[in-house]
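Reproduced below: structure-v8.pdb, with PDB, C-alpha atoms, pLDDT in the B column.
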```pdb
MODEL        1
ATOM      1  CA  MET A   1      93.770  32.789 107.488  1.00 44.00           C
ATOM      2  CA  GLN A   2      95.404  36.205 107.319  1.00 47.00           C
ATOM      3  CA  MET A   3      98.620  36.249 105.301  1.00 47.00           C
ATOM      4  CA  PRO A   4     101.194  39.050 105.682  1.00 44.00           C
ATOM      5  CA  ILE A   5     100.467  41.493 102.887  1.00 42.00           C
ATOM      6  CA  GLU A   6     104.057  41.441 101.615  1.00 47.00           C
ATOM      7  CA  LEU A   7     103.691  37.716 100.910  1.00 51.00           C
ATOM      8  CA  MET A   8     100.688  38.314  98.661  1.00 58.00           C
ATOM      9  CA  GLU A   9     101.383  41.666  97.018  1.00 64.00           C
ATOM     10  CA  ASP A  10     102.393  40.103  93.681  1.00 78.00           C
ATOM     11  CA  ILE A  11      99.124  38.150  93.436  1.00 87.00           C
ATOM     12  CA  PRO A  12      96.257  39.956  91.639  1.00 90.00           C
ATOM     13  CA  GLU A  13      94.070  41.682  94.188  1.00 90.00           C
ATOM     14  CA  PRO A  14      90.815  39.827  93.341  1.00 93.00           C
ATOM     15  CA  VAL A  15      92.560  36.442  93.658  1.00 93.00           C
ATOM     16  CA  ARG A  16      94.143  37.497  96.943  1.00 89.00           C
ATOM     17  CA  HIS A  17      90.764  38.613  98.253  1.00 90.00           C
ATOM     18  CA  LEU A  18      89.145  35.358  97.117  1.00 91.00           C
ATOM     19  CA  ILE A  19      91.717  33.300  99.020  1.00 90.00           C
ATOM     20  CA  GLU A  20      91.087  35.397 102.121  1.00 86.00           C
ATOM     21  CA  ALA A  21      87.308  35.214 101.668  1.00 86.00           C
ATOM     22  CA  VAL A  22      87.110  31.421 101.570  1.00 86.00           C
ATOM     23  CA  SER A  23      89.645  30.956 104.395  1.00 80.00           C
ATOM     24  CA  ARG A  24      87.252  30.809 107.300  1.00 63.00           C
ATOM     25  CA  PRO A  25      88.653  31.252 110.788  1.00 53.00           C
ATOM     26  CA  GLY A  26      88.919  28.015 112.693  1.00 54.00           C
ATOM     27  CA  VAL A  27      86.596  27.063 115.529  1.00 57.00           C
ATOM     28  CA  GLU A  28      88.127  25.275 118.468  1.00 62.00           C
ATOM     29  CA  ILE A  29      86.613  21.822 118.801  1.00 64.00           C
ATOM     30  CA  SER A  30      85.935  21.789 122.524  1.00 67.00           C
ATOM     31  CA  PRO A  31      82.674  21.523 124.497  1.00 68.00           C
ATOM     32  CA  THR A  32      83.022  25.112 125.737  1.00 69.00           C
ATOM     33  CA  SER A  33      83.625  26.730 122.333  1.00 68.00           C
ATOM     34  CA  LEU A  34      80.918  24.643 120.664  1.00 67.00           C
ATOM     35  CA  ARG A  35      78.445  25.506 123.425  1.00 68.00           C
ATOM     36  CA  ARG A  36      79.158  29.219 122.961  1.00 69.00           C
ATOM     37  CA  ALA A  37      78.803  28.955 119.188  1.00 66.00           C
ATOM     38  CA  HIS A  38      75.530  27.069 119.573  1.00 63.00           C
ATOM     39  CA  GLN A  39      74.179  29.658 122.017  1.00 65.00           C
ATOM     40  CA  ALA A  40      75.135  32.391 119.541  1.00 61.00           C
ATOM     41  CA  GLY A  41      72.991  30.722 116.890  1.00 60.00           C
ATOM     42  CA  ARG A  42      75.808  29.332 114.749  1.00 62.00           C
ATOM     43  CA  ASN A  43      74.955  26.018 113.170  1.00 62.00           C
ATOM     44  CA  PHE A  44      77.662  23.791 111.714  1.00 67.00           C
ATOM     45  CA  GLY A  45      75.406  21.008 110.502  1.00 67.00           C
ATOM     46  CA  PRO A  46      73.241  20.443 107.431  1.00 66.00           C
ATOM     47  CA  GLU A  47      70.175  22.570 106.785  1.00 61.00           C
ATOM     48  CA  GLY A  48      67.515  21.885 109.396  1.00 60.00           C
ATOM     49  CA  ALA A  49      69.852  20.073 111.804  1.00 66.00           C
ATOM     50  CA  ARG A  50      69.644  21.403 115.350  1.00 68.00           C
ATOM     51  CA  LEU A  51      71.220  20.401 118.637  1.00 68.00           C
ATOM     52  CA  SER A  52      69.344  20.102 121.901  1.00 65.00           C
ATOM     53  CA  GLY A  53      72.460  21.445 123.652  1.00 62.00           C
ATOM     54  CA  VAL A  54      76.127  20.541 123.272  1.00 53.00           C
ATOM     55  CA  ASN A  55      76.380  19.463 126.913  1.00 59.00           C
ATOM     56  CA  ARG A  56      75.329  15.995 125.794  1.00 69.00           C
ATOM     57  CA  GLY A  57      77.955  13.651 124.423  1.00 78.00           C
ATOM     58  CA  ASP A  58      76.094  12.961 121.207  1.00 80.00           C
ATOM     59  CA  ASP A  59      75.592  16.659 120.516  1.00 78.00           C
ATOM     60  CA  PHE A  60      79.299  17.294 121.002  1.00 79.00           C
ATOM     61  CA  LEU A  61      80.150  14.588 118.478  1.00 83.00           C
ATOM     62  CA  PHE A  62      77.615  15.947 115.977  1.00 81.00           C
ATOM     63  CA  ALA A  63      78.770  19.557 116.358  1.00 78.00           C
ATOM     64  CA  ALA A  64      82.454  18.623 116.225  1.00 81.00           C
ATOM     65  CA  ALA A  65      81.836  16.612 113.057  1.00 84.00           C
ATOM     66  CA  GLY A  66      80.003  19.574 111.536  1.00 81.00           C
ATOM     67  CA  VAL A  67      82.796  22.006 112.396  1.00 81.00           C
ATOM     68  CA  SER A  68      85.482  19.710 111.012  1.00 84.00           C
ATOM     69  CA  THR A  69      83.479  19.302 107.800  1.00 84.00           C
ATOM     70  CA  ARG A  70      83.181  23.077 107.345  1.00 81.00           C
ATOM     71  CA  LEU A  71      86.909  23.511 108.014  1.00 85.00           C
ATOM     72  CA  ALA A  72      87.749  20.746 105.542  1.00 87.00           C
ATOM     73  CA  GLU A  73      85.582  22.456 102.915  1.00 87.00           C
ATOM     74  CA  ALA A  74      87.362  25.762 103.496  1.00 88.00           C
ATOM     75  CA  ALA A  75      90.807  24.149 103.353  1.00 90.00           C
ATOM     76  CA  GLY A  76      89.900  22.285 100.169  1.00 92.00           C
ATOM     77  CA  ASN A  77      88.629  25.478  98.552  1.00 93.00           C
ATOM     78  CA  VAL A  78      91.817  27.371  99.372  1.00 93.00           C
ATOM     79  CA  ARG A  79      94.060  24.590  98.109  1.00 95.00           C
ATOM     80  CA  ALA A  80      92.113  24.235  94.858  1.00 96.00           C
ATOM     81  CA  ILE A  81      92.213  27.988  94.218  1.00 96.00           C
ATOM     82  CA  ILE A  82      95.940  28.201  94.915  1.00 95.00           C
ATOM     83  CA  ASN A  83      96.812  25.252  92.675  1.00 95.00           C
ATOM     84  CA  ALA A  84      94.527  26.278  89.806  1.00 96.00           C
ATOM     85  CA  TYR A  85      95.843  29.824  89.927  1.00 95.00           C
ATOM     86  CA  GLY A  86      99.479  28.801  90.275  1.00 94.00           C
ATOM     87  CA  GLN A  87      99.522  26.136  87.581  1.00 94.00           C
ATOM     88  CA  VAL A  88      97.151  27.603  84.987  1.00 94.00           C
ATOM     89  CA  VAL A  89      96.278  31.270  85.503  1.00 95.00           C
ATOM     90  CA  ALA A  90      99.330  32.958  87.037  1.00 93.00           C
ATOM     91  CA  ASN A  91     101.699  34.756  84.679  1.00 90.00           C
ATOM     92  CA  PRO A  92     104.497  34.289  85.462  1.00 89.00           C
ATOM     93  CA  ARG A  93     103.891  31.023  87.249  1.00 91.00           C
ATOM     94  CA  PRO A  94     105.240  30.439  90.734  1.00 91.00           C
ATOM     95  CA  ASP A  95     107.878  27.768  91.294  1.00 93.00           C
ATOM     96  CA  LEU A  96     105.621  24.731  90.841  1.00 94.00           C
ATOM     97  CA  THR A  97     108.200  22.378  92.322  1.00 94.00           C
ATOM     98  CA  GLN A  98     108.111  24.336  95.564  1.00 95.00           C
ATOM     99  CA  LEU A  99     104.322  24.694  95.414  1.00 95.00           C
ATOM    100  CA  ALA A 100     104.071  20.909  95.206  1.00 95.00           C
ATOM    101  CA  ARG A 101     106.709  20.380  97.890  1.00 95.00           C
ATOM    102  CA  TRP A 102     104.720  22.468 100.362  1.00 94.00           C
ATOM    103  CA  GLN A 103     101.801  20.097  99.809  1.00 94.00           C
ATOM    104  CA  ASP A 104     103.845  16.889 100.037  1.00 93.00           C
ATOM    105  CA  VAL A 105     103.082  15.921  96.441  1.00 93.00           C
ATOM    106  CA  SER A 106     105.035  15.725  93.207  1.00 92.00           C
ATOM    107  CA  PRO A 107     104.689  18.606  90.711  1.00 91.00           C
ATOM    108  CA  GLY A 108     102.593  16.306  88.528  1.00 90.00           C
ATOM    109  CA  GLY A 109     100.237  15.783  91.445  1.00 91.00           C
ATOM    110  CA  LEU A 110      99.150  19.416  91.479  1.00 93.00           C
ATOM    111  CA  ARG A 111      96.719  18.767  88.627  1.00 90.00           C
ATOM    112  CA  HIS A 112      94.810  16.351  90.831  1.00 91.00           C
ATOM    113  CA  ARG A 113      94.029  19.112  93.328  1.00 93.00           C
ATOM    114  CA  TYR A 114      91.715  21.300  91.265  1.00 95.00           C
ATOM    115  CA  THR A 115      89.257  21.010  88.396  1.00 94.00           C
ATOM    116  CA  GLU A 116      88.543  23.024  85.283  1.00 94.00           C
ATOM    117  CA  ALA A 117      85.694  24.622  87.237  1.00 95.00           C
ATOM    118  CA  HIS A 118      88.241  26.149  89.639  1.00 96.00           C
ATOM    119  CA  VAL A 119      90.231  27.582  86.734  1.00 96.00           C
ATOM    120  CA  ILE A 120      87.081  29.134  85.278  1.00 96.00           C
ATOM    121  CA  ALA A 121      86.091  30.490  88.695  1.00 97.00           C
ATOM    122  CA  ILE A 122      89.430  32.272  89.063  1.00 97.00           C
ATOM    123  CA  ARG A 123      89.162  33.763  85.584  1.00 97.00           C
ATOM    124  CA  HIS A 124      85.726  35.121  86.506  1.00 97.00           C
ATOM    125  CA  VAL A 125      87.107  36.544  89.750  1.00 97.00           C
ATOM    126  CA  MET A 126      89.672  38.475  87.703  1.00 96.00           C
ATOM    127  CA  SER A 127      87.148  39.550  85.064  1.00 96.00           C
ATOM    128  CA  ASP A 128      85.514  42.964  84.751  1.00 95.00           C
ATOM    129  CA  ASP A 129      82.289  41.120  83.903  1.00 95.00           C
ATOM    130  CA  PRO A 130      82.212  38.114  86.259  1.00 97.00           C
ATOM    131  CA  LEU A 131      79.490  35.537  86.771  1.00 98.00           C
ATOM    132  CA  VAL A 132      79.077  34.963  90.501  1.00 98.00           C
ATOM    133  CA  ASP A 133      77.449  31.548  90.042  1.00 97.00           C
ATOM    134  CA  ALA A 134      80.522  30.403  88.092  1.00 97.00           C
ATOM    135  CA  ILE A 135      82.694  31.437  91.047  1.00 97.00           C
ATOM    136  CA  LEU A 136      80.511  29.762  93.669  1.00 96.00           C
ATOM    137  CA  ASP A 137      79.857  26.554  91.726  1.00 95.00           C
ATOM    138  CA  PRO A 138      83.113  24.685  92.554  1.00 95.00           C
ATOM    139  CA  LEU A 139      83.496  26.120  96.080  1.00 93.00           C
ATOM    140  CA  PRO A 140      81.290  24.195  98.548  1.00 88.00           C
ATOM    141  CA  GLY A 141      80.218  26.139 101.601  1.00 83.00           C
ATOM    142  CA  VAL A 142      80.848  29.552  99.992  1.00 89.00           C
ATOM    143  CA  PHE A 143      77.901  31.953  99.669  1.00 89.00           C
ATOM    144  CA  ASP A 144      77.295  35.412  98.226  1.00 91.00           C
ATOM    145  CA  GLU A 145      78.187  37.153 101.480  1.00 88.00           C
ATOM    146  CA  ASP A 146      81.606  35.477 101.507  1.00 89.00           C
ATOM    147  CA  LEU A 147      82.490  37.172  98.208  1.00 93.00           C
ATOM    148  CA  ARG A 148      81.743  40.721  99.302  1.00 93.00           C
ATOM    149  CA  GLY A 149      84.800  42.898  98.834  1.00 93.00           C
ATOM    150  CA  VAL A 150      86.575  40.503  96.470  1.00 94.00           C
ATOM    151  CA  SER A 151      86.246  43.002  93.602  1.00 95.00           C
ATOM    152  CA  PRO A 152      84.045  45.996  92.702  1.00 96.00           C
ATOM    153  CA  ALA A 153      82.588  44.087  89.734  1.00 97.00           C
ATOM    154  CA  ILE A 154      81.577  41.171  91.963  1.00 97.00           C
ATOM    155  CA  ASP A 155      80.112  43.548  94.555  1.00 97.00           C
ATOM    156  CA  ARG A 156      77.917  45.151  91.892  1.00 97.00           C
ATOM    157  CA  GLN A 157      76.575  41.771  90.830  1.00 97.00           C
ATOM    158  CA  LEU A 158      76.015  40.723  94.441  1.00 96.00           C
ATOM    159  CA  GLU A 159      73.824  43.794  94.947  1.00 97.00           C
ATOM    160  CA  VAL A 160      71.653  42.839  91.979  1.00 97.00           C
ATOM    161  CA  ARG A 161      71.438  39.232  93.190  1.00 95.00           C
ATOM    162  CA  ALA A 162      70.372  40.441  96.632  1.00 93.00           C
ATOM    163  CA  GLU A 163      67.699  42.657  95.080  1.00 94.00           C
ATOM    164  CA  MET A 164      66.389  39.726  93.049  1.00 94.00           C
ATOM    165  CA  ARG A 165      66.087  37.571  96.145  1.00 91.00           C
ATOM    166  CA  VAL A 166      64.385  40.302  98.158  1.00 89.00           C
ATOM    167  CA  ARG A 167      61.874  41.178  95.443  1.00 91.00           C
ATOM    168  CA  CYS A 168      61.104  37.528  94.751  1.00 88.00           C
ATOM    169  CA  GLY A 169      60.731  36.711  98.452  1.00 84.00           C
ATOM    170  CA  GLU A 170      58.421  39.674  99.065  1.00 85.00           C
ATOM    171  CA  GLU A 171      56.202  38.721  96.147  1.00 86.00           C
ATOM    172  CA  MET A 172      56.000  35.107  97.246  1.00 79.00           C
ATOM    173  CA  GLU A 173      54.950  36.166 100.734  1.00 77.00           C
ATOM    174  CA  LYS A 174      52.208  38.325  99.245  1.00 80.00           C
ATOM    175  CA  LEU A 175      50.939  35.404  97.212  1.00 73.00           C
ATOM    176  CA  PHE A 176      51.333  32.536  99.661  1.00 67.00           C
ATOM    177  CA  GLY A 177      51.767  34.040 103.123  1.00 64.00           C
ATOM    178  CA  LYS A 178      54.765  33.724 105.385  1.00 59.00           C
ATOM    179  CA  ASN A 179      54.474  29.998 106.013  1.00 53.00           C
ATOM    180  CA  PRO A 180      53.330  28.215 102.860  1.00 46.00           C
ATOM    181  CA  GLN A 181      53.240  24.443 102.859  1.00 42.00           C
ATOM    182  CA  ALA A 182      55.330  24.244  99.707  1.00 42.00           C
ATOM    183  CA  VAL A 183      56.618  27.085  97.593  1.00 49.00           C
ATOM    184  CA  VAL A 184      60.297  26.465  96.926  1.00 48.00           C
ATOM    185  CA  LEU A 185      61.534  22.900  97.262  1.00 46.00           C
ATOM    186  CA  ASP A 186      65.193  22.039  97.549  1.00 44.00           C
ATOM    187  CA  ALA A 187      66.712  18.609  96.966  1.00 42.00           C
ATOM    188  CA  ALA A 188      65.615  17.509 100.441  1.00 40.00           C
ATOM    189  CA  GLY A 189      62.039  18.651  99.849  1.00 42.00           C
ATOM    190  CA  VAL A 190      62.273  21.522 102.341  1.00 40.00           C
ATOM    191  CA  SER A 191      60.098  24.548 101.616  1.00 46.00           C
ATOM    192  CA  SER A 192      61.509  27.956 102.457  1.00 48.00           C
ATOM    193  CA  PHE A 193      61.363  31.663 101.690  1.00 53.00           C
ATOM    194  CA  ASP A 194      65.028  31.995 102.633  1.00 59.00           C
ATOM    195  CA  LEU A 195      66.183  32.396  99.059  1.00 66.00           C
ATOM    196  CA  GLY A 196      69.680  33.236 100.288  1.00 63.00           C
ATOM    197  CA  ARG A 197      70.286  29.633 101.279  1.00 68.00           C
ATOM    198  CA  TYR A 198      70.475  28.651  97.613  1.00 81.00           C
ATOM    199  CA  ARG A 199      74.134  29.255  96.807  1.00 88.00           C
ATOM    200  CA  LEU A 200      73.615  29.425  93.055  1.00 94.00           C
ATOM    201  CA  ILE A 201      70.895  31.854  92.111  1.00 94.00           C
ATOM    202  CA  ALA A 202      70.354  29.823  88.935  1.00 94.00           C
ATOM    203  CA  ASP A 203      69.079  26.979  91.143  1.00 91.00           C
ATOM    204  CA  LEU A 204      65.923  29.006  91.845  1.00 90.00           C
ATOM    205  CA  GLY A 205      64.951  28.413  88.227  1.00 90.00           C
ATOM    206  CA  ASP A 206      61.372  29.108  87.189  1.00 89.00           C
ATOM    207  CA  VAL A 207      60.381  30.342  90.648  1.00 86.00           C
ATOM    208  CA  MET A 208      62.723  33.304  90.284  1.00 92.00           C
ATOM    209  CA  ARG A 209      62.212  33.774  86.546  1.00 93.00           C
ATOM    210  CA  VAL A 210      58.408  33.782  86.586  1.00 91.00           C
ATOM    211  CA  THR A 211      58.154  35.924  89.708  1.00 91.00           C
ATOM    212  CA  LEU A 212      60.568  38.556  88.430  1.00 94.00           C
ATOM    213  CA  ALA A 213      58.947  38.570  84.992  1.00 94.00           C
ATOM    214  CA  ARG A 214      55.688  39.567  86.655  1.00 92.00           C
ATOM    215  CA  ILE A 215      57.026  42.312  88.929  1.00 93.00           C
ATOM    216  CA  GLU A 216      60.402  43.422  87.513  1.00 94.00           C
ATOM    217  CA  PRO A 217      60.957  42.510  83.836  1.00 95.00           C
ATOM    218  CA  VAL A 218      64.417  44.105  83.671  1.00 96.00           C
ATOM    219  CA  LEU A 219      65.652  41.951  86.554  1.00 96.00           C
ATOM    220  CA  ALA A 220      63.984  38.932  84.961  1.00 96.00           C
ATOM    221  CA  GLU A 221      65.938  39.483  81.745  1.00 97.00           C
ATOM    222  CA  GLN A 222      69.179  39.743  83.701  1.00 97.00           C
ATOM    223  CA  TYR A 223      68.344  36.576  85.616  1.00 97.00           C
ATOM    224  CA  VAL A 224      67.719  34.637  82.395  1.00 97.00           C
ATOM    225  CA  ARG A 225      71.065  35.848  81.009  1.00 97.00           C
ATOM    226  CA  TRP A 226      72.872  34.630  84.128  1.00 97.00           C
ATOM    227  CA  VAL A 227      71.211  31.217  83.922  1.00 97.00           C
ATOM    228  CA  GLU A 228      72.156  30.919  80.252  1.00 97.00           C
ATOM    229  CA  ASP A 229      75.708  32.081  80.989  1.00 97.00           C
ATOM    230  CA  LEU A 230      76.088  29.387  83.653  1.00 96.00           C
ATOM    231  CA  LEU A 231      74.991  26.742  81.151  1.00 96.00           C
ATOM    232  CA  VAL A 232      77.694  27.988  78.775  1.00 95.00           C
ATOM    233  CA  VAL A 233      80.278  27.856  81.572  1.00 95.00           C
ATOM    234  CA  ARG A 234      79.343  24.292  82.480  1.00 93.00           C
ATOM    235  CA  LYS A 235      79.546  23.225  78.846  1.00 93.00           C
ATOM    236  CA  GLN A 236      82.998  24.779  78.688  1.00 89.00           C
ATOM    237  CA  GLN A 237      83.988  22.823  81.798  1.00 89.00           C
ATOM    238  CA  GLN A 238      82.809  19.567  80.242  1.00 88.00           C
ATOM    239  CA  GLN A 239      84.800  20.253  77.091  1.00 87.00           C
ATOM    240  CA  GLN A 240      88.006  21.216  78.892  1.00 81.00           C
ATOM    241  CA  GLU A 241      88.044  18.634  81.692  1.00 72.00           C
ATOM    242  CA  PRO A 242      88.906  15.616  79.464  1.00 69.00           C
ATOM    243  CA  ARG A 243      91.851  17.550  78.044  1.00 65.00           C
ATOM    244  CA  ARG A 244      93.013  18.352  81.560  1.00 61.00           C
ATOM    245  CA  ARG A 245      92.738  14.675  82.545  1.00 58.00           C
ATOM    246  CA  ASP A 246      94.778  13.758  79.477  1.00 60.00           C
ATOM    247  CA  ARG A 247      97.484  16.179  80.590  1.00 57.00           C
ATOM    248  CA  LYS A 248      97.415  14.533  84.027  1.00 52.00           C
ATOM    249  CA  ASN A 249      98.103  11.140  82.505  1.00 49.00           C
ATOM    250  CA  SER A 250     100.747  12.302  80.048  1.00 47.00           C
TER     251      SER A 250
ENDMDL
END
```
Reformat the file's structure so that it appears as structure tokens.
Amino acid sequence: MQMPIELMEDIPEPVRHLIEAVSRPGVEISPTSLRRAHQAGRNFGPEGARLSGVNRGDDFLFAAAGVSTRLAEAAGNVRAIINAYGQVVANPRPDLTQLARWQDVSPGGLRHRYTEAHVIAIRHVMSDDPLVDAILDPLPGVFDEDLRGVSPAIDRQLEVRAEMRVRCGEEMEKLFGKNPQAVVLDAAGVSSFDLGRYRLIADLGDVMRVTLARIEPVLAEQYVRWVEDLLVVRKQQQQQEPRRRDRKNS
């Protein structure tokens, strides 16, 4: 979703870039476009889901459902960012009556369209010392690579995160080989060296911490700080969310 620059020039640059970053281009839901996407290696389903070929009716339904889910995630992310920024972070605020009108809700309904986690994510986007995990946490379907270019501070942290994943992955391959039976297990019990598929680097937990502590202590210390910072952020969310719900009901 590319907006004319003059429509966005009064919005802080990092917020503008975040909106653009999470606004994924649409994919036409037709057999031809899905077949081309599938042949190009694009997968719109859950991890590990593969199609035998979208010529079959079932495969078309599965792929179309996957595409629509990804588009819904992107649309939900954009709407949450816009409402959290407009109602809480922006100074001065936009015309909230018009913001609500463009979404077919009452002004009071805007608060139902974002959480405290979205507010915190936007504040981190605008910060000189952001926490990438805090930005990714409330935005399903958004990964490190989607945030590149949002701000110089975020780019610097993304480089360190990428280095952590590379160093950890290389060390794990040395220890266990390229195809271990079980090294890193996600919620579905799938083992993988593709550390990039874990959106939040904190989710790698002791695997990342112990590995980095052995080969790169400085990176290990940074990793521990990020994990601890995310715990602080989540505690802040838990403390603020009831107050936000109270404001909704007032």
Select, from A:Gln237, A:Asn91, A:Asn83, A:Gln157, the residue with the minimum atom-to-atom distance to Ile11 of chain A, counting all atoms listed in the file. A:Asn91
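The shortest atom-to-atom distance to Asp146 of chain A, with all atoms listed in the file taken into account, belongs to A:Leu158 out of A:Val218, A:Pro94, A:Tyr223, A:Leu158.
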Name the residues in contact with Arg79 of chain A at a cut-off of 12 Å, using only C-alpha atoms, excluding same-chain residues fewer than 5 positions from it; report them as an NGL selection string. :A and (18-20 or 22-23 or 72-74 or 84-87 or 99-100 or 102-103 or 110-115 or 118 or 139)
Applying the PyMOL selection byres ((chain A and resi 135) around 9) to the file I just gave you, which residues come out? Please list them as a ChimeraX atom specification. /A:117-118,120-125,130-134,136-139
Write out as number ranges by chain each polymer residue whose atoms come within 12 Å of Glu221 of chain A, counting only C-alpha atoms; drop sequence neighbours fewer than 6 positions from it. A: 164, 208-215, 227-228
Applying the PyMOL selection byres ((chain A and resi 17) around 12) to the file I just gave you, which residues come out? Please list them as JSON, numbers by chain. {"A": [1, 2, 3, 5, 8, 9, 11, 12, 13, 14, 15, 16, 18, 19, 20, 21, 22, 23, 78, 81, 122, 125, 126, 146, 147, 148, 149, 150, 151, 152, 154]}
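Considering the residues A:Val207, A:Tyr198, A:Gly141, A:Arg167 and counting all atoms listed in the file, Gly66 of chain A has its shortest atom-to-atom contact with A:Gly141.
Closest approach to Gln238 of chain A from the set A:Thr97, A:Glu116, A:Ser68, A:Ile82 is made by A:Glu116, with distances taken over all atoms listed in the file.
A straight line drawn from atom CA of Gly205 of chain A to atom CA of Gln222 of chain A is 12.9 Å long.
Here atom CA of Asp206 of chain A stands at a distance of 12.9 Å from atom CA of Met172 of chain A.
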